[in-house]
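Source file: work.cif; contents: mmCIF, C-alpha atoms and all ligand atoms.
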data_query
#
loop_
_atom_site.group_PDB
_atom_site.id
_atom_site.type_symbol
_atom_site.label_atom_id
_atom_site.label_comp_id
_atom_site.auth_asym_id
_atom_site.auth_seq_id
_atom_site.Cartn_x
_atom_site.Cartn_y
_atom_site.Cartn_z
ATOM 1 C CA MET A 1 0.000 0.000 0.000
ATOM 2 C CA ARG A 2 2.848 2.330 0.929
ATOM 3 C CA LEU A 3 4.618 1.424 -2.335
ATOM 4 C CA LYS A 4 1.469 2.185 -4.293
ATOM 5 C CA SER A 5 1.023 5.626 -2.736
ATOM 6 C CA THR A 6 4.728 6.406 -3.262
ATOM 7 C CA TRP A 7 4.329 5.474 -6.914
ATOM 8 C CA ILE A 8 1.214 7.637 -7.330
ATOM 9 C CA CYS A 9 2.969 10.499 -5.555
ATOM 10 C CA LEU A 10 6.118 10.268 -7.766
ATOM 11 C CA THR A 11 3.978 10.071 -10.910
ATOM 12 C CA TRP A 12 2.070 13.160 -9.799
ATOM 13 C CA ILE A 13 5.308 15.112 -9.138
ATOM 14 C CA CYS A 14 6.764 14.127 -12.532
ATOM 15 C CA ALA A 15 3.510 15.000 -14.278
ATOM 16 C CA ALA A 16 3.480 18.402 -12.534
ATOM 17 C CA ILE A 17 7.083 19.100 -13.629
ATOM 18 C CA PHE A 18 6.246 17.936 -17.154
ATOM 19 C CA VAL A 19 3.085 20.076 -17.395
ATOM 20 C CA SER A 20 4.897 23.153 -15.963
ATOM 21 C CA THR A 21 7.770 22.791 -18.428
ATOM 22 C CA GLU A 22 5.354 22.249 -21.312
ATOM 23 C CA ALA A 23 3.412 25.403 -20.419
ATOM 24 C CA ALA A 24 6.621 27.447 -20.212
ATOM 25 C CA ASN A 25 7.938 26.032 -23.518
ATOM 26 C CA ALA A 26 4.739 27.019 -25.327
ATOM 27 C CA ASP A 27 5.396 30.647 -24.370
ATOM 28 C CA LEU A 28 9.103 30.716 -25.319
ATOM 29 C CA VAL A 29 9.385 33.422 -28.015
ATOM 30 C CA GLY A 30 13.087 34.312 -27.769
ATOM 31 C CA LEU A 31 16.138 32.177 -26.965
ATOM 32 C CA TRP A 32 19.803 33.103 -27.349
ATOM 33 C CA GLU A 33 22.267 30.399 -26.255
ATOM 34 C CA PHE A 34 25.702 31.781 -27.329
ATOM 35 C CA GLU A 35 26.791 28.301 -28.479
ATOM 36 C CA ASP A 36 28.213 29.432 -31.861
ATOM 37 C CA SER A 37 31.510 31.157 -31.045
ATOM 38 C CA GLY A 38 31.597 32.440 -34.656
ATOM 39 C CA ASN A 39 28.164 34.068 -34.322
ATOM 40 C CA LEU A 40 27.379 34.914 -30.702
ATOM 41 C CA LEU A 41 24.308 36.909 -31.747
ATOM 42 C CA ALA A 42 22.462 33.951 -33.306
ATOM 43 C CA ALA A 43 18.943 33.226 -32.014
ATOM 44 C CA SER A 44 17.757 29.662 -31.345
ATOM 45 C CA VAL A 45 14.196 31.048 -31.158
ATOM 46 C CA GLY A 46 13.184 34.511 -32.451
ATOM 47 C CA SER A 47 15.415 37.165 -34.053
ATOM 48 C CA ASP A 48 19.199 37.484 -33.794
ATOM 49 C CA LEU A 49 20.567 39.962 -31.247
ATOM 50 C CA ALA A 50 22.291 43.229 -32.171
ATOM 51 C CA LEU A 51 25.491 44.166 -30.340
ATOM 52 C CA THR A 52 26.787 47.507 -29.111
ATOM 53 C CA GLY A 53 30.479 47.280 -28.181
ATOM 54 C CA THR A 54 32.153 43.868 -28.218
ATOM 55 C CA ALA A 55 31.325 40.342 -27.054
ATOM 56 C CA ALA A 56 33.935 37.592 -26.705
ATOM 57 C CA ALA A 57 33.249 33.858 -26.817
ATOM 58 C CA ALA A 58 33.616 32.281 -23.357
ATOM 59 C CA ALA A 59 32.856 28.994 -21.601
ATOM 60 C CA GLY A 60 29.250 28.376 -20.517
ATOM 61 C CA SER A 61 27.946 26.952 -17.252
ATOM 62 C CA GLY A 62 28.864 23.387 -18.241
ATOM 63 C CA GLY A 63 27.391 20.298 -19.921
ATOM 64 C CA ALA A 64 25.185 21.130 -22.906
ATOM 65 C CA ASP A 65 25.533 24.811 -22.004
ATOM 66 C CA ALA A 66 29.074 24.967 -23.402
ATOM 67 C CA GLY A 67 29.178 28.523 -24.763
ATOM 68 C CA ALA A 68 28.707 32.030 -23.391
ATOM 69 C CA ALA A 69 29.379 35.656 -24.327
ATOM 70 C CA GLN A 70 31.713 37.763 -22.215
ATOM 71 C CA LEU A 71 30.709 41.431 -21.941
ATOM 72 C CA SER A 72 32.469 44.376 -20.370
ATOM 73 C CA THR A 73 31.494 47.910 -19.382
ATOM 74 C CA GLY A 74 29.634 49.576 -22.243
ATOM 75 C CA ASP A 75 28.881 46.301 -24.058
ATOM 76 C CA TYR A 76 25.223 45.360 -24.410
ATOM 77 C CA PHE A 77 22.704 43.622 -26.653
ATOM 78 C CA THR A 78 19.536 44.822 -28.323
ATOM 79 C CA ALA A 79 16.839 42.136 -28.546
ATOM 80 C CA THR A 80 13.616 42.218 -30.560
ATOM 81 C CA ASN A 81 10.384 41.637 -28.637
ATOM 82 C CA PRO A 82 7.844 39.882 -30.880
ATOM 83 C CA ILE A 83 5.060 39.665 -28.251
ATOM 84 C CA GLY A 84 3.235 42.945 -28.853
ATOM 85 C CA ALA A 85 0.443 44.304 -26.655
ATOM 86 C CA ASN A 86 -0.681 42.099 -23.780
ATOM 87 C CA GLY A 87 -1.561 42.266 -20.095
ATOM 88 C CA GLY A 88 -4.171 45.015 -20.519
ATOM 89 C CA GLY A 89 -2.184 47.776 -22.238
ATOM 90 C CA SER A 90 -0.449 48.917 -25.435
ATOM 91 C CA ASN A 91 2.977 47.498 -24.453
ATOM 92 C CA THR A 92 3.957 43.963 -23.432
ATOM 93 C CA ASN A 93 2.822 43.920 -19.792
ATOM 94 C CA ALA A 94 3.068 40.192 -18.998
ATOM 95 C CA TYR A 95 6.329 38.428 -19.818
ATOM 96 C CA THR A 96 9.350 36.673 -18.318
ATOM 97 C CA LEU A 97 13.065 37.203 -18.910
ATOM 98 C CA VAL A 98 15.495 34.437 -17.985
ATOM 99 C CA MET A 99 19.279 34.870 -18.008
ATOM 100 C CA ASP A 100 22.039 32.468 -17.046
ATOM 101 C CA MET A 101 24.906 34.685 -16.027
ATOM 102 C CA ASN A 102 28.165 34.783 -14.132
ATOM 103 C CA ALA A 103 29.037 38.228 -12.758
ATOM 104 C CA PRO A 104 31.512 39.126 -10.003
ATOM 105 C CA GLY A 105 28.987 41.086 -7.918
ATOM 106 C CA SER A 106 31.639 43.590 -6.881
ATOM 107 C CA SER A 107 30.052 46.716 -8.376
ATOM 108 C CA TRP A 108 26.725 47.925 -9.800
ATOM 109 C CA ASN A 109 25.650 45.820 -12.740
ATOM 110 C CA ALA A 110 22.717 46.531 -15.088
ATOM 111 C CA LEU A 111 20.846 43.391 -16.173
ATOM 112 C CA VAL A 112 18.447 45.040 -18.595
ATOM 113 C CA ASP A 113 17.278 48.411 -19.824
ATOM 114 C CA ILE A 114 13.609 48.060 -20.694
ATOM 115 C CA ASP A 115 11.928 51.438 -21.208
ATOM 116 C CA SER A 116 14.264 53.216 -23.677
ATOM 117 C CA GLY A 117 14.410 56.097 -21.229
ATOM 118 C CA ALA A 118 10.635 56.729 -21.166
ATOM 119 C CA PHE A 119 10.569 56.574 -17.334
ATOM 120 C CA SER A 120 14.242 56.311 -16.369
ATOM 121 C CA GLY A 121 17.556 56.606 -18.172
ATOM 122 C CA ASP A 122 18.947 53.961 -15.783
ATOM 123 C CA GLY A 123 18.641 50.240 -16.328
ATOM 124 C CA GLU A 124 15.418 48.683 -14.945
ATOM 125 C CA VAL A 125 17.011 45.766 -13.008
ATOM 126 C CA PHE A 126 20.447 45.575 -11.358
ATOM 127 C CA THR A 127 22.682 43.572 -9.129
ATOM 128 C CA ASN A 128 24.296 45.785 -6.488
ATOM 129 C CA PRO A 129 27.915 45.757 -5.204
ATOM 130 C CA SER A 130 26.933 43.008 -2.713
ATOM 131 C CA GLY A 131 25.500 40.848 -5.508
ATOM 132 C CA GLY A 132 21.861 41.433 -4.453
ATOM 133 C CA LEU A 133 19.190 41.437 -7.166
ATOM 134 C CA GLY A 134 16.560 44.170 -7.552
ATOM 135 C CA ILE A 135 15.955 47.864 -8.240
ATOM 136 C CA ASP A 136 15.318 51.168 -6.453
ATOM 137 C CA GLY A 137 17.059 50.356 -3.153
ATOM 138 C CA ASP A 138 15.318 46.959 -2.795
ATOM 139 C CA TYR A 139 17.996 44.309 -3.316
ATOM 140 C CA TYR A 140 17.660 40.686 -2.224
ATOM 141 C CA GLY A 141 19.510 37.371 -2.430
ATOM 142 C CA THR A 142 22.723 36.594 -4.277
ATOM 143 C CA GLY A 143 22.436 36.923 -8.049
ATOM 144 C CA ALA A 144 26.076 37.840 -8.698
ATOM 145 C CA ASN A 145 29.031 36.332 -6.810
ATOM 146 C CA GLY A 146 31.423 34.903 -9.399
ATOM 147 C CA SER A 147 29.302 31.750 -9.913
ATOM 148 C CA TRP A 148 26.708 30.835 -12.524
ATOM 149 C CA HIS A 149 23.110 31.664 -11.627
ATOM 150 C CA ARG A 150 19.802 31.461 -13.473
ATOM 151 C CA ILE A 151 18.015 34.770 -12.938
ATOM 152 C CA ALA A 152 14.292 34.819 -13.783
ATOM 153 C CA LEU A 153 12.473 38.162 -13.917
ATOM 154 C CA VAL A 154 8.689 37.757 -14.065
ATOM 155 C CA PHE A 155 6.654 40.831 -14.988
ATOM 156 C CA ASP A 156 2.913 41.314 -14.636
ATOM 157 C CA MET A 157 2.301 45.051 -14.695
ATOM 158 C CA ALA A 158 -1.434 44.598 -13.974
ATOM 159 C CA SER A 159 -0.658 43.033 -10.591
ATOM 160 C CA ASP A 160 0.261 44.688 -7.275
ATOM 161 C CA THR A 161 3.678 43.009 -7.440
ATOM 162 C CA SER A 162 4.709 44.032 -10.956
ATOM 163 C CA MET A 163 8.137 42.341 -10.801
ATOM 164 C CA THR A 164 8.971 39.022 -9.126
ATOM 165 C CA THR A 165 12.556 37.757 -9.170
ATOM 166 C CA TYR A 166 13.838 34.178 -8.854
ATOM 167 C CA ILE A 167 17.386 32.868 -8.484
ATOM 168 C CA ASP A 168 18.098 29.289 -9.605
ATOM 169 C CA GLY A 169 14.371 28.462 -9.615
ATOM 170 C CA ALA A 170 13.685 29.727 -6.063
ATOM 171 C CA LEU A 171 11.595 32.812 -5.268
ATOM 172 C CA ASN A 172 13.885 35.736 -4.420
ATOM 173 C CA HIS A 173 11.529 38.714 -4.007
ATOM 174 C CA ALA A 174 8.118 39.931 -5.192
ATOM 175 C CA HIS A 175 8.557 43.692 -5.656
ATOM 176 C CA THR A 176 5.395 45.530 -4.607
ATOM 177 C CA ASP A 177 4.227 48.400 -6.793
ATOM 178 C CA SER A 178 5.042 50.709 -3.893
ATOM 179 C CA GLU A 179 8.656 49.429 -3.886
ATOM 180 C CA LEU A 180 8.728 50.062 -7.649
ATOM 181 C CA GLY A 181 7.893 53.735 -7.145
ATOM 182 C CA GLY A 182 4.099 53.485 -7.430
ATOM 183 C CA SER A 183 2.176 55.158 -10.240
ATOM 184 C CA PRO A 184 2.890 55.641 -13.122
ATOM 185 C CA ASN A 185 6.083 53.508 -13.011
ATOM 186 C CA ALA A 186 4.367 50.362 -11.742
ATOM 187 C CA ASP A 187 1.162 50.780 -13.776
ATOM 188 C CA ILE A 188 0.150 48.960 -16.941
ATOM 189 C CA ASP A 189 2.411 50.334 -19.746
ATOM 190 C CA GLY A 190 4.763 51.562 -16.997
ATOM 191 C CA ARG A 191 8.542 51.463 -16.610
ATOM 192 C CA TRP A 192 8.884 47.643 -16.725
ATOM 193 C CA SER A 193 6.510 47.054 -19.658
ATOM 194 C CA LEU A 194 8.347 45.876 -22.754
ATOM 195 C CA LEU A 195 8.497 47.883 -26.003
ATOM 196 C CA GLY A 196 9.446 46.559 -29.467
ATOM 197 C CA THR A 197 13.091 46.148 -28.397
ATOM 198 C CA PHE A 198 14.984 45.962 -25.096
ATOM 199 C CA ASN A 199 18.657 46.146 -24.121
ATOM 200 C CA PRO A 200 20.059 43.304 -21.999
ATOM 201 C CA PHE A 201 23.017 44.416 -19.799
ATOM 202 C CA SER A 202 22.671 48.116 -20.700
ATOM 203 C CA ASP A 203 22.511 51.068 -18.369
ATOM 204 C CA ASN A 204 21.897 53.587 -21.152
ATOM 205 C CA GLY A 205 25.590 54.358 -21.236
ATOM 206 C CA GLY A 206 25.678 54.989 -17.500
ATOM 207 C CA GLY A 207 28.679 52.687 -17.122
ATOM 208 C CA GLU A 208 27.120 50.587 -14.354
ATOM 209 C CA GLU A 209 27.740 47.430 -16.322
ATOM 210 C CA GLU A 210 30.055 44.810 -14.829
ATOM 211 C CA THR A 211 32.252 42.446 -16.778
ATOM 212 C CA LEU A 212 29.986 39.392 -16.964
ATOM 213 C CA ALA A 213 29.422 36.213 -18.921
ATOM 214 C CA VAL A 214 25.936 35.290 -20.181
ATOM 215 C CA SER A 215 25.332 31.738 -21.390
ATOM 216 C CA ASN A 216 21.557 31.842 -22.024
ATOM 217 C CA LEU A 217 18.973 34.536 -22.487
ATOM 218 C CA ALA A 218 15.276 33.731 -22.913
ATOM 219 C CA LEU A 219 12.020 35.645 -23.366
ATOM 220 C CA PHE A 220 8.625 34.117 -22.530
ATOM 221 C CA SER A 221 5.319 35.716 -23.592
ATOM 222 C CA SER A 222 3.644 35.293 -20.196
ATOM 223 C CA ALA A 223 4.307 35.948 -16.524
ATOM 224 C CA LEU A 224 5.504 32.443 -15.577
ATOM 225 C CA SER A 225 4.163 30.971 -12.347
ATOM 226 C CA ALA A 226 6.448 30.054 -9.434
ATOM 227 C CA GLU A 227 5.900 26.406 -10.423
ATOM 228 C CA GLU A 228 6.981 27.064 -14.017
ATOM 229 C CA VAL A 229 10.096 29.001 -12.936
ATOM 230 C CA SER A 230 10.950 26.253 -10.448
ATOM 231 C CA ALA A 231 10.701 23.678 -13.264
ATOM 232 C CA LEU A 232 13.262 25.710 -15.263
ATOM 233 C CA GLY A 233 15.692 25.229 -12.341
ATOM 234 C CA GLY A 234 19.286 26.469 -12.296
ATOM 235 C CA PRO A 235 21.763 27.389 -15.050
ATOM 236 C CA GLY A 236 22.268 25.002 -17.965
ATOM 237 C CA SER A 237 20.676 24.313 -21.300
ATOM 238 C CA LEU A 238 17.166 25.814 -21.205
ATOM 239 C CA ILE A 239 15.142 23.882 -23.745
ATOM 240 C CA PRO A 240 14.249 21.090 -24.395
ATOM 241 C CA GLU A 241 16.237 19.011 -21.872
ATOM 242 C CA PRO A 242 13.694 19.351 -19.002
ATOM 243 C CA ASN A 243 11.051 17.866 -21.328
ATOM 244 C CA SER A 244 13.177 14.861 -22.148
ATOM 245 C CA ILE A 245 13.905 14.297 -18.472
ATOM 246 C CA GLY A 246 10.200 14.601 -17.617
ATOM 247 C CA LEU A 247 9.261 12.132 -20.367
ATOM 248 C CA LEU A 248 12.043 9.744 -19.326
ATOM 249 C CA MET A 249 10.917 9.817 -15.688
ATOM 250 C CA LEU A 250 7.248 9.334 -16.625
ATOM 251 C CA GLY A 251 8.235 6.462 -18.939
ATOM 252 C CA SER A 252 10.351 4.797 -16.249
ATOM 253 C CA LEU A 253 7.564 5.078 -13.688
ATOM 254 C CA ALA A 254 5.005 3.658 -16.124
ATOM 255 C CA PHE A 255 7.374 0.749 -16.832
ATOM 256 C CA LEU A 256 7.895 0.091 -13.106
ATOM 257 C CA GLY A 257 4.131 0.270 -12.589
ATOM 258 C CA LEU A 258 3.477 -2.282 -15.361
ATOM 259 C CA ARG A 259 6.200 -4.609 -14.000
ATOM 260 C CA LYS A 260 4.730 -4.388 -10.511
ATOM 261 C CA ARG A 261 1.223 -5.181 -11.811
ATOM 262 C CA SER A 262 2.420 -8.182 -13.856
ATOM 263 C CA LYS A 263 4.042 -9.801 -10.786
HETATM 264 CA CA CA B 301 15.643 52.703 -18.426
HETATM 265 CA CA CA B 302 1.258 47.048 -11.193
HETATM 266 CA CA CA B 303 25.130 28.694 -23.816
#
Rewrite the structure from the file as structure tokens, please.
Amino acid sequence: MRLKSTWICLTWICAAIFVSTEAANADLVGLWEFEDSGNLLAASVGSDLALTGTAAAAAGSGGADAGAAQLSTGDYFTATNPIGANGGGSNTNAYTLVMDMNAPGSSWNALVDIDSGAFSGDGEVFTNPSGGLGIDGDYYGTGANGSWHRIALVFDMASDTSMTTYIDGALNHAHTDSELGGSPNADIDGRWSLLGTFNPFSDNGGGEEETLAVSNLALFSSALSAEEVSALGGPGSLIPEPNSIGLLMLGSLAFLGLRKRSK
């Protein structure tokens, strides 16, 4: 009886992981993996990146994530956002950005400039000189410390917590609209809503851009749930490995179940 409930429980967990990963994959509209050292700007999903400054080929986080791009102060990408209006406004108000990065965490470091200066010339998300992740004086966790981390930034401008951050699949902080400066910054079509393009690792020339390596960058067309971000896990190849693992685990469990029944 205990074996049976363990089996049902494991199947349920695997199915939940599988469903979460599937849901996230369906919304993946941009993926840049930096695996081609001869063309670091190539997109695996969506449009190729544009580069301001220089990017050097570097080692990724390991395994299938072999390649990365090394950026220095003043170097940043421009990415095309194909999502268009969603989340109740004219801009993209519900979306998720995921980045696998390795930054020293010894000075201010812009992760993304989103608003093209409409609300603020600064970047919209930073790590601070202690490696904390956030914006506007609200920094939490360790997103930059000389190790690889998967940073997930979930935006839902219609909600009262317009930005929620995750590090390596675990909830880091849900930024309240008050923490984000209130209206109009945290409103629909506010400072963190996405326009037609955005600039990963730019601080609008402000120079608060650390030397960092990025091995994956991904854009999802929805505000991923905590469960979906958790299923993405830590740094490594983003897609489609989790699917294969989920299928493999489900297959193995089904096989064990059949064997058990035939005994
Ligand atoms: Ca800005
Ligand atoms: Ca809001
Ligand atoms: Ca990579």
Per-residue nearest contacts chain A to ligand CA 303 (chain B), cut-off 6 Å, using only C-alpha atoms and all ligand atoms, as a Markdown table:
| residue | atom | partner | partner_atom | distance |
| --- | --- | --- | --- | --- |
| A:Glu33 | CA | B:CA303 | CA | 4.1 |
| A:Phe34 | CA | B:CA303 | CA | 4.7 |
| A:Glu35 | CA | B:CA303 | CA | 5.0 |
| A:Gly60 | CA | B:CA303 | CA | 5.3 |
| A:Asp65 | CA | B:CA303 | CA | 4.3 |
| A:Ala66 | CA | B:CA303 | CA | 5.4 |
| A:Gly67 | CA | B:CA303 | CA | 4.2 |
| A:Ala68 | CA | B:CA303 | CA | 4.9 |
| A:Ser215 | CA | B:CA303 | CA | 3.9 |
| A:Asn216 | CA | B:CA303 | CA | 5.1 |
Enumerate, in order of chain and increasing residue number, the residues of chain A with an atom no farther than 8 Å from ligand CA 302 (chain B), each with its shortest atom pair and distance in Å to one decimal, counting all atoms listed in the file, as a tab-separated table.
residue	atom	partner	partner_atom	distance
A:Asp156	CA	B:CA302	CA	6.9
A:Met157	CA	B:CA302	CA	4.2
A:Ala158	CA	B:CA302	CA	4.6
A:Ser159	CA	B:CA302	CA	4.5
A:Asp160	CA	B:CA302	CA	4.7
A:Thr161	CA	B:CA302	CA	6.0
A:Ser162	CA	B:CA302	CA	4.6
A:Thr176	CA	B:CA302	CA	7.9
A:Asp177	CA	B:CA302	CA	5.5
A:Gly182	CA	B:CA302	CA	8.0
A:Ala186	CA	B:CA302	CA	4.6
A:Asp187	CA	B:CA302	CA	4.5
A:Ile188	CA	B:CA302	CA	6.2
Tell me which residues the PyMOL selection byres (((not hetatm)) within 6 of (chain B and resi 301)) grabs here, as JSON, numbers by chain. {"A": [113, 114, 115, 116, 117, 120, 121, 122, 123, 124]}
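Taking CA of Gly53 (chain A) and CA of Gly134 (chain A) as endpoints, the distance between them is 25.1 Å.
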Out of A:Gln70, A:Ser61, A:Asn81, A:Thr92, which residue has the shortest atom-to-atom distance to Ser237 (chain A) when counting only C-alpha atoms? A:Ser61
Please provide as an MDAnalysis selection string all residues within 12 Å of Ala79 (chain A), with the sequence filter that same-chain residues fewer than 3 positions apart are discarded (counting all atoms listed in the file). chainID A and resid 29:32 41:43 45:52 76 82 97 112:114 194:202 217:219
Using the chain letters and residue numbers of this document, give as a VMD selection string the residues selected by the PyMOL selection byres (((chain A and resi 55) around 6) and not hetatm). chain A and resid 54 56 69 to 71
Please dump the current selection as a tab-separated table (two decimals), in the frame of the given file; keep C-alpha atoms.
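And here is the file that came out, result30.tsv:
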chain	number	residue	atom	x	y	z
A	54	THR	CA	32.15	43.87	-28.22
A	56	ALA	CA	33.94	37.59	-26.70
A	69	ALA	CA	29.38	35.66	-24.33
A	70	GLN	CA	31.71	37.76	-22.22
A	71	LEU	CA	30.71	41.43	-21.94
